[in-house]
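Structure file run-v4.tsv (TSV, C-alpha atoms) follows.
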```tsv
chain	number	residue	atom	x	y	z
A	1	MET	CA	3.33	-22.45	10.42
A	2	ASP	CA	0.57	-19.96	11.15
A	3	PHE	CA	-2.31	-21.65	9.34
A	4	GLN	CA	-3.99	-25.04	8.89
A	5	TYR	CA	-4.89	-26.77	5.66
A	6	GLU	CA	-6.64	-29.94	4.62
A	7	VAL	CA	-6.50	-32.06	1.46
A	8	LYS	CA	-9.63	-34.01	0.56
A	9	GLY	CA	-9.54	-35.76	-2.79
A	10	ALA	CA	-8.63	-33.11	-5.33
A	11	SER	CA	-9.56	-30.19	-3.03
A	12	LEU	CA	-7.22	-28.16	-0.87
A	13	THR	CA	-8.86	-26.14	1.91
A	14	ILE	CA	-6.78	-23.37	3.44
A	15	TYR	CA	-8.05	-22.24	6.83
A	16	VAL	CA	-7.08	-18.57	6.73
A	17	PRO	CA	-6.07	-17.38	10.23
A	18	ARG	CA	-7.45	-14.33	12.07
A	19	GLU	CA	-5.11	-11.95	10.26
A	20	LEU	CA	-4.05	-12.41	6.63
A	21	ASP	CA	-0.99	-10.24	5.96
A	22	HIS	CA	2.27	-10.63	4.03
A	23	HIS	CA	3.75	-12.84	6.78
A	24	VAL	CA	0.93	-15.40	6.52
A	25	ALA	CA	0.42	-14.94	2.76
A	26	SER	CA	3.97	-16.01	1.94
A	27	GLN	CA	3.54	-19.19	4.03
A	28	ILE	CA	0.22	-19.96	2.33
A	29	GLN	CA	1.78	-19.39	-1.10
A	30	ALA	CA	4.62	-21.85	-0.48
A	31	ARG	CA	2.47	-24.52	1.17
A	32	ALA	CA	-0.40	-24.28	-1.32
A	33	ASP	CA	1.86	-24.58	-4.36
A	34	LEU	CA	3.53	-27.65	-2.88
A	35	ALA	CA	0.19	-29.30	-2.05
A	36	VAL	CA	-1.27	-28.51	-5.48
A	37	ASP	CA	1.68	-30.22	-7.19
A	38	THR	CA	1.83	-33.15	-4.76
A	39	TYR	CA	-1.86	-34.06	-4.62
A	40	ARG	CA	-2.98	-32.94	-8.10
A	41	ILE	CA	-5.36	-30.43	-6.58
A	42	GLN	CA	-8.16	-29.14	-8.83
A	43	THR	CA	-9.89	-26.79	-6.38
A	44	VAL	CA	-8.31	-24.46	-3.84
A	45	ILE	CA	-10.76	-23.31	-1.16
A	46	PHE	CA	-9.97	-20.35	1.10
A	47	ASP	CA	-11.98	-20.68	4.32
A	48	PHE	CA	-12.40	-17.25	5.96
A	49	SER	CA	-14.39	-18.42	9.04
A	50	GLU	CA	-11.80	-17.05	11.47
A	51	THR	CA	-10.52	-14.06	9.50
A	52	GLU	CA	-10.97	-10.50	10.72
A	53	PHE	CA	-8.10	-8.70	9.01
A	54	MET	CA	-6.77	-8.80	5.47
A	55	ASP	CA	-4.46	-6.42	3.58
A	56	SER	CA	-3.24	-6.26	-0.02
A	57	SER	CA	-0.89	-9.21	0.55
A	58	GLY	CA	-4.02	-11.33	1.07
A	59	ILE	CA	-5.30	-10.18	-2.31
A	60	GLY	CA	-1.93	-11.12	-3.82
A	61	VAL	CA	-2.00	-14.69	-2.50
A	62	ILE	CA	-5.57	-15.25	-3.75
A	63	LEU	CA	-4.82	-13.78	-7.19
A	64	GLY	CA	-1.66	-15.90	-7.35
A	65	ARG	CA	-3.66	-19.08	-6.71
A	66	CYS	CA	-6.23	-18.03	-9.34
A	67	ARG	CA	-3.45	-17.62	-11.88
A	68	ASN	CA	-1.71	-20.91	-11.05
A	69	MET	CA	-4.96	-22.90	-10.87
A	70	GLY	CA	-6.06	-21.30	-14.15
A	71	PHE	CA	-2.98	-22.76	-15.90
A	72	ALA	CA	-3.83	-26.20	-14.50
A	73	GLY	CA	-7.52	-25.97	-15.40
A	74	GLY	CA	-8.55	-25.83	-11.74
A	75	LYS	CA	-10.46	-23.25	-9.76
A	76	VAL	CA	-10.37	-21.13	-6.61
A	77	LYS	CA	-13.24	-20.66	-4.17
A	78	ALA	CA	-13.77	-18.61	-1.02
A	79	VAL	CA	-16.12	-19.77	1.74
A	80	HIS	CA	-17.49	-18.40	5.05
A	81	LEU	CA	-16.83	-14.80	4.11
A	82	LYS	CA	-18.76	-13.51	7.08
A	83	ASN	CA	-16.51	-10.74	8.31
A	84	GLU	CA	-17.59	-7.29	7.08
A	85	ARG	CA	-14.01	-6.06	6.79
A	86	VAL	CA	-12.86	-9.02	4.71
A	87	ARG	CA	-15.86	-8.54	2.42
A	88	LYS	CA	-14.95	-4.88	2.00
A	89	ILE	CA	-11.38	-5.76	0.97
A	90	PHE	CA	-12.71	-8.41	-1.47
A	91	SER	CA	-15.00	-5.85	-2.99
A	92	MET	CA	-12.33	-3.09	-3.23
A	93	ALA	CA	-9.95	-5.49	-4.98
A	94	GLY	CA	-12.61	-6.79	-7.39
A	95	LEU	CA	-12.12	-10.34	-6.08
A	96	TYR	CA	-15.83	-11.14	-6.31
A	97	LYS	CA	-15.41	-11.10	-10.10
A	98	LEU	CA	-12.50	-13.56	-10.05
A	99	VAL	CA	-13.24	-15.95	-7.20
A	100	LYS	CA	-16.38	-18.00	-6.68
A	101	VAL	CA	-17.68	-17.03	-3.24
A	102	GLU	CA	-19.98	-19.57	-1.63
A	103	GLU	CA	-22.35	-17.99	0.86
A	104	ASP	CA	-23.23	-19.85	4.04
A	105	GLN	CA	-26.51	-21.80	3.95
A	106	ASP	CA	-27.73	-20.30	7.19
A	107	GLU	CA	-27.17	-16.67	6.18
B	1	MET	CA	-11.85	25.72	36.09
B	2	ASN	CA	-10.65	26.80	32.69
B	3	ASN	CA	-6.91	26.57	32.75
B	4	ARG	CA	-4.56	26.36	29.78
B	5	GLU	CA	-4.39	22.56	29.84
B	6	ASP	CA	-8.08	22.25	29.03
B	7	THR	CA	-8.03	24.51	26.00
B	8	MET	CA	-4.85	23.09	24.50
B	9	GLU	CA	-5.24	20.06	22.24
B	10	LYS	CA	-3.93	16.93	23.86
B	11	GLN	CA	-0.75	15.60	22.35
B	12	ASN	CA	0.78	12.15	22.66
B	13	GLU	CA	3.69	10.62	20.82
B	14	MET	CA	5.53	7.29	20.50
B	15	GLN	CA	8.39	5.83	18.49
B	16	ILE	CA	9.41	2.25	17.89
B	17	VAL	CA	12.34	0.79	15.95
B	18	PHE	CA	12.08	-2.83	14.88
B	19	ASP	CA	13.69	-5.31	12.50
B	20	ALA	CA	12.36	-5.60	8.95
B	21	ARG	CA	10.97	-9.10	9.45
B	22	SER	CA	7.53	-10.21	8.32
B	23	GLU	CA	6.54	-11.44	11.79
B	24	ASN	CA	6.80	-7.82	12.98
B	25	GLU	CA	4.01	-6.67	10.65
B	26	GLY	CA	1.38	-7.78	13.14
B	27	PHE	CA	3.30	-6.20	16.01
B	28	ALA	CA	3.43	-2.82	14.20
B	29	ARG	CA	-0.34	-2.87	13.52
B	30	MET	CA	-1.16	-3.84	17.08
B	31	ALA	CA	1.20	-1.23	18.57
B	32	VAL	CA	-0.46	1.60	16.61
B	33	ALA	CA	-3.95	0.24	17.34
B	34	ALA	CA	-3.20	0.13	21.07
B	35	PHE	CA	-1.62	3.59	21.06
B	36	ILE	CA	-4.62	5.27	19.41
B	37	SER	CA	-7.22	3.41	21.47
B	38	PRO	CA	-7.73	6.38	23.91
B	39	LEU	CA	-9.35	8.20	20.94
B	40	ASN	CA	-12.09	5.53	20.99
B	41	PRO	CA	-11.88	4.72	17.29
B	42	THR	CA	-14.71	2.72	15.71
B	43	ILE	CA	-13.97	-0.83	14.53
B	44	ASP	CA	-13.82	0.49	10.96
B	45	GLU	CA	-11.44	3.34	11.83
B	46	LEU	CA	-9.16	0.94	13.67
B	47	ALA	CA	-9.20	-1.54	10.76
B	48	ASP	CA	-8.42	1.29	8.29
B	49	VAL	CA	-5.40	2.48	10.29
B	50	LYS	CA	-4.16	-1.10	10.87
B	51	THR	CA	-4.41	-1.88	7.16
B	52	ALA	CA	-2.49	1.28	6.19
B	53	VAL	CA	0.27	0.49	8.73
B	54	SER	CA	0.45	-3.08	7.47
B	55	GLU	CA	0.84	-1.91	3.86
B	56	ALA	CA	3.59	0.60	4.70
B	57	VAL	CA	5.56	-1.85	6.87
B	58	THR	CA	5.24	-4.61	4.25
B	59	ASN	CA	6.62	-2.18	1.64
B	60	CYS	CA	9.70	-1.52	3.82
B	61	ILE	CA	10.34	-5.27	4.14
B	62	ILE	CA	9.70	-6.34	0.55
B	63	HIS	CA	10.74	-3.29	-1.43
B	64	GLY	CA	12.91	-1.13	0.87
B	65	TYR	CA	15.10	-3.93	2.17
B	66	ARG	CA	14.27	-6.52	-0.55
B	67	GLN	CA	13.61	-9.04	2.24
B	68	GLY	CA	17.10	-8.53	3.62
B	69	SER	CA	17.98	-7.11	7.02
B	70	GLY	CA	17.33	-3.56	8.16
B	71	LYS	CA	15.44	-1.45	10.66
B	72	ILE	CA	11.98	0.08	10.36
B	73	PHE	CA	11.25	3.33	12.21
B	74	LEU	CA	7.65	3.83	13.25
B	75	GLU	CA	6.40	7.00	14.91
B	76	CYS	CA	2.88	7.89	15.83
B	77	THR	CA	1.64	11.26	17.03
B	78	VAL	CA	-1.84	12.08	18.22
B	79	ILE	CA	-2.84	15.74	18.28
B	80	GLY	CA	-6.43	16.28	19.25
B	81	SER	CA	-8.30	13.69	17.20
B	82	THR	CA	-5.74	13.45	14.37
B	83	VAL	CA	-3.32	10.54	14.15
B	84	THR	CA	-0.10	11.01	12.18
B	85	ILE	CA	1.95	7.91	11.44
B	86	GLY	CA	5.46	7.97	10.00
B	87	ILE	CA	7.02	4.76	8.68
B	88	THR	CA	10.60	4.97	7.46
B	89	ASP	CA	13.20	2.57	6.10
B	90	GLU	CA	16.83	3.03	5.08
B	91	GLY	CA	16.49	0.75	2.08
B	92	VAL	CA	16.83	1.09	-1.69
B	93	GLY	CA	14.38	3.97	-2.10
B	94	ILE	CA	11.90	4.61	-4.90
B	95	ILE	CA	13.04	6.11	-8.21
B	96	ASN	CA	9.58	7.03	-9.49
B	97	ILE	CA	7.16	7.70	-6.62
B	98	LYS	CA	4.25	8.62	-8.92
B	99	GLN	CA	4.53	5.29	-10.74
B	100	ALA	CA	4.97	3.35	-7.48
B	101	MET	CA	1.69	4.80	-6.21
B	102	GLU	CA	-0.34	3.81	-9.29
B	103	PRO	CA	-2.84	1.03	-8.49
B	104	MET	CA	-1.75	-2.38	-9.81
B	105	PHE	CA	1.83	-1.23	-10.41
B	106	THR	CA	4.40	-3.50	-8.80
B	107	THR	CA	8.11	-4.12	-9.25
B	108	ARG	CA	7.78	-7.55	-7.63
B	109	PRO	CA	5.05	-9.55	-9.44
B	110	GLU	CA	7.04	-12.74	-8.78
B	111	LEU	CA	6.32	-12.27	-5.07
B	112	GLU	CA	2.57	-12.09	-5.79
B	113	ARG	CA	2.35	-8.44	-4.93
B	114	SER	CA	-1.05	-7.11	-5.92
B	115	GLY	CA	0.17	-3.54	-6.48
B	116	MET	CA	-2.57	-2.28	-4.17
B	117	GLY	CA	-0.43	-1.21	-1.22
B	118	PHE	CA	-0.32	2.55	-1.80
B	119	ALA	CA	-3.90	2.54	-3.14
B	120	PHE	CA	-5.04	1.02	0.16
B	121	MET	CA	-3.04	3.54	2.21
B	122	GLU	CA	-4.69	6.34	0.24
B	123	ALA	CA	-8.14	4.77	0.50
B	124	PHE	CA	-7.95	4.25	4.26
B	125	MET	CA	-6.14	7.40	5.39
B	126	ASP	CA	-7.05	11.08	4.90
B	127	ASP	CA	-3.60	12.01	3.62
B	128	VAL	CA	-0.54	10.04	2.46
B	129	GLN	CA	2.83	11.61	1.62
B	130	VAL	CA	5.79	9.63	0.31
B	131	TYR	CA	9.37	10.91	0.46
B	132	SER	CA	12.14	8.84	-1.03
B	133	SER	CA	15.68	9.08	-2.15
B	134	PRO	CA	17.22	6.22	-4.16
B	135	GLY	CA	19.89	4.44	-2.16
B	136	LYS	CA	18.92	6.19	1.08
B	137	GLY	CA	15.42	5.09	1.95
B	138	THR	CA	11.73	5.88	1.97
B	139	ARG	CA	9.47	7.68	4.41
B	140	VAL	CA	5.68	7.47	4.35
B	141	VAL	CA	3.65	9.93	6.44
B	142	MET	CA	-0.07	9.23	6.80
B	143	LYS	CA	-2.78	11.14	8.63
B	144	ARG	CA	-6.22	10.12	9.77
B	145	ARG	CA	-8.80	11.98	11.79
B	146	ILE	CA	-10.62	9.74	14.25
B	147	GLY	CA	-14.26	10.40	15.00
B	148	GLY	CA	-15.44	12.04	11.77
```

Show me this structure written as structure tokens.
Amino acid sequence: MDFQYEVKGASLTIYVPRELDHHVASQIQARADLAVDTYRIQTVIFDFSETEFMDSSGIGVILGRCRNMGFAGGKVKAVHLKNERVRKIFSMAGLYKLVKVEEDQDE
Amino acid sequence: MNNREDTMEKQNEMQIVFDARSENEGFARMAVAAFISPLNPTIDELADVKTAVSEAVTNCIIHGYRQGSGKIFLECTVIGSTVTIGITDEGVGIINIKQAMEPMFTTRPELERSGMGFAFMEAFMDDVQVYSSPGKGTRVVMKRRIGG
């Protein structure tokens, strides 16, 4: 598996790796859906601390979680969006309107 | 000295054939990025080209070969400061290219495709041409000038 994740209470944090493409996105999709069902997750958090590259497959996996969590009454957040490129892709895809982005305290 | 070599635009070319497997998406991006590095692209230019390559290769895997086996043909030519990238598969082909290129259109919503692949290629490259023939395959040719 090419990424790490952590379950804390009803939150699932996905540590997005350096590059988020179709290869990684399909692994995140499978693992996240399993964790959400298993642990009754209410919030899925995408942590972009390490991420420098993201393509349209990354958008797909985030939108997919928004849709699934929406059915379950949960929500999706993105944190540590510090990379300029990742922010540009978020903005081009209109993700800022769909996902709650928490800015870092120290920024 | 002003010989013919100096006035002619420098040309450089490479070709790679690789299996249509998702772990090769990163390899394809990195190969093109490394090949065009003598042009001294900016971080943004490099990210634009890498994203476009990633989109085209992902399309071959998911749509061209429907996640089955097949080969992807990648060529990259640099003439002067212009990079031309050709990405070709021998997969199912596209029946309606115009529709396939519309933003948000996807034939595979169950795979969480955002439908942004061609839109990104067009946004990040100066020119994108798509040639396809149903049952035979698809070829995408993209151009980008590096350095303005």

Distance CA of Glu13 (chain B)-CA of Met116 (chain B), one decimal place?
-> 28.8 Å

Compile the residues of chain B that lie within 9 Å of chain A, evaluated using all atoms listed in the file, and express the compilation as a count of residues only.
-> 22

Between CA of Glu90 (chain B) and CA of Gly135 (chain B) - distance in Å to one decimal |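 Distance reported for this atom pair: 8.0 Å.
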
In Å, rounded to a single decimal, give me how far CA of Tyr15 (chain A) is from CA of Phe3 (chain A).
->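 Straight-line distance from CA of Phe3 (chain A) to CA of Tyr15 (chain A) works out to 6.3 Å.
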
Around (12.2, -1.7, 16.4) in the file's frame, which residues reach within 12 Å when counting all atoms listed in the file? Return as a PyMOL selection string?
-> chain B and resi 14-21+24-25+27-28+31+57+70-75+87-89

Residue with smallest distance to Ile146 (chain B) - pool B:Cys60, B:Ala33, B:Val92, B:Val83, counting all atoms listed in the file |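 For Ile146 (chain B), the nearest of the candidates is B:Val83.
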
Centre and edge lengths, as JSON, for the axis-aligned box enclosing every listed atom of region 74-79 of chain A with 4 Å of padding on each of the six sides, in Å to one decimal?
```
{"center_x": -12.3, "center_y": -22.2, "center_z": -5.0, "size_x": 15.6, "size_y": 15.2, "size_z": 21.5}
```

Compare A:Glu50, A:Ile45, A:Tyr96, A:Glu102 by their minimum atom-to-atom distance to Asn83 (chain A), counting only C-alpha atoms, and give me the closest one.
-> A:Glu50

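Nearest-residue note for Met69 (chain A): choosing from A:Lys88, A:Ser11, A:Gly94, A:Lys82, the minimum distance belongs to A:Ser11, counting all atoms listed in the file.
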
For Cys66 (chain A), please output as an mmCIF file with C-alpha atoms, in the frame of the given file all residues within 10 Å (counting only C-alpha atoms; exclusion window: fewer than 6 positions along the same chain).
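Resulting contents of out_16.cif:
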```cif
data_model
loop_
_atom_site.group_PDB
_atom_site.id
_atom_site.type_symbol
_atom_site.label_atom_id
_atom_site.label_comp_id
_atom_site.auth_asym_id
_atom_site.auth_seq_id
_atom_site.Cartn_x
_atom_site.Cartn_y
_atom_site.Cartn_z
ATOM 1 C CA THR A 43 -9.890 -26.790 -6.380
ATOM 2 C CA VAL A 44 -8.310 -24.460 -3.840
ATOM 3 C CA GLY A 60 -1.930 -11.120 -3.820
ATOM 4 C CA ALA A 72 -3.830 -26.200 -14.500
ATOM 5 C CA GLY A 74 -8.550 -25.830 -11.740
ATOM 6 C CA LYS A 75 -10.460 -23.250 -9.760
ATOM 7 C CA VAL A 76 -10.370 -21.130 -6.610
ATOM 8 C CA LYS A 77 -13.240 -20.660 -4.170
ATOM 9 C CA LEU A 98 -12.500 -13.560 -10.050
ATOM 10 C CA VAL A 99 -13.240 -15.950 -7.200
#
```

Can you patch up region 40-51 of chain B, filling it in to all heavy atoms, and show the result as a short mmCIF file (atom, residue, chain, number, x, y, z; two decimals), keeping the file's coordinate frame?
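Here's the written file rebuild.cif:
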```cif
data_model
loop_
_atom_site.label_atom_id
_atom_site.label_comp_id
_atom_site.auth_asym_id
_atom_site.auth_seq_id
_atom_site.Cartn_x
_atom_site.Cartn_y
_atom_site.Cartn_z
N ASN B 40 -10.87 6.32 21.21
CA ASN B 40 -12.09 5.53 20.99
C ASN B 40 -12.47 5.38 19.52
O ASN B 40 -13.59 5.70 19.12
CB ASN B 40 -13.28 6.15 21.75
CG ASN B 40 -13.09 6.01 23.23
OD1 ASN B 40 -12.66 4.95 23.71
ND2 ASN B 40 -13.38 7.07 23.96
N PRO B 41 -11.55 4.90 18.71
CA PRO B 41 -11.88 4.72 17.29
C PRO B 41 -12.95 3.64 17.11
O PRO B 41 -13.06 2.74 17.94
CB PRO B 41 -10.56 4.26 16.66
CG PRO B 41 -9.76 3.70 17.78
CD PRO B 41 -10.18 4.42 19.03
N THR B 42 -13.74 3.77 16.04
CA THR B 42 -14.71 2.72 15.71
C THR B 42 -13.92 1.50 15.18
O THR B 42 -12.74 1.62 14.85
CB THR B 42 -15.69 3.17 14.62
OG1 THR B 42 -14.94 3.43 13.42
CG2 THR B 42 -16.44 4.44 15.03
N ILE B 43 -14.61 0.38 15.06
CA ILE B 43 -13.97 -0.83 14.53
C ILE B 43 -13.44 -0.57 13.12
O ILE B 43 -12.34 -0.98 12.77
CB ILE B 43 -14.97 -2.02 14.54
CG1 ILE B 43 -15.25 -2.42 15.99
CG2 ILE B 43 -14.44 -3.21 13.75
CD1 ILE B 43 -16.38 -3.42 16.16
N ASP B 44 -14.23 0.17 12.33
CA ASP B 44 -13.82 0.49 10.96
C ASP B 44 -12.58 1.40 10.93
O ASP B 44 -11.66 1.18 10.15
CB ASP B 44 -14.95 1.19 10.20
CG ASP B 44 -15.88 0.19 9.56
OD1 ASP B 44 -15.47 -0.98 9.39
OD2 ASP B 44 -17.01 0.57 9.22
N GLU B 45 -12.59 2.41 11.77
CA GLU B 45 -11.44 3.34 11.83
C GLU B 45 -10.17 2.59 12.22
O GLU B 45 -9.11 2.79 11.62
CB GLU B 45 -11.71 4.48 12.82
CG GLU B 45 -12.72 5.49 12.30
CD GLU B 45 -13.20 6.47 13.37
OE1 GLU B 45 -13.12 6.15 14.58
OE2 GLU B 45 -13.68 7.55 13.00
N LEU B 46 -10.31 1.72 13.20
CA LEU B 46 -9.16 0.94 13.67
C LEU B 46 -8.64 0.01 12.55
O LEU B 46 -7.44 -0.07 12.30
CB LEU B 46 -9.59 0.11 14.89
CG LEU B 46 -8.54 -0.20 15.93
CD1 LEU B 46 -7.79 1.04 16.37
CD2 LEU B 46 -9.18 -0.88 17.13
N ALA B 47 -9.58 -0.63 11.85
CA ALA B 47 -9.20 -1.54 10.76
C ALA B 47 -8.53 -0.75 9.63
O ALA B 47 -7.55 -1.22 9.04
CB ALA B 47 -10.42 -2.29 10.24
N ASP B 48 -9.02 0.45 9.35
CA ASP B 48 -8.42 1.29 8.29
C ASP B 48 -6.97 1.63 8.63
O ASP B 48 -6.07 1.48 7.80
CB ASP B 48 -9.21 2.60 8.13
CG ASP B 48 -10.56 2.39 7.43
OD1 ASP B 48 -10.83 1.26 6.97
OD2 ASP B 48 -11.33 3.37 7.35
N VAL B 49 -6.75 2.08 9.87
CA VAL B 49 -5.40 2.48 10.29
C VAL B 49 -4.47 1.25 10.31
O VAL B 49 -3.35 1.30 9.82
CB VAL B 49 -5.43 3.18 11.67
CG1 VAL B 49 -4.02 3.40 12.21
CG2 VAL B 49 -6.18 4.51 11.57
N LYS B 50 -4.98 0.13 10.82
CA LYS B 50 -4.16 -1.10 10.87
C LYS B 50 -3.77 -1.55 9.47
O LYS B 50 -2.64 -1.99 9.24
CB LYS B 50 -4.94 -2.23 11.57
CG LYS B 50 -4.90 -2.13 13.09
CD LYS B 50 -5.83 -3.13 13.75
CE LYS B 50 -5.34 -4.55 13.64
NZ LYS B 50 -6.30 -5.50 14.27
N THR B 51 -4.71 -1.45 8.53
CA THR B 51 -4.41 -1.88 7.16
C THR B 51 -3.34 -0.98 6.55
O THR B 51 -2.38 -1.47 5.94
CB THR B 51 -5.68 -1.86 6.28
OG1 THR B 51 -6.71 -2.57 6.96
CG2 THR B 51 -5.43 -2.50 4.92
#
```
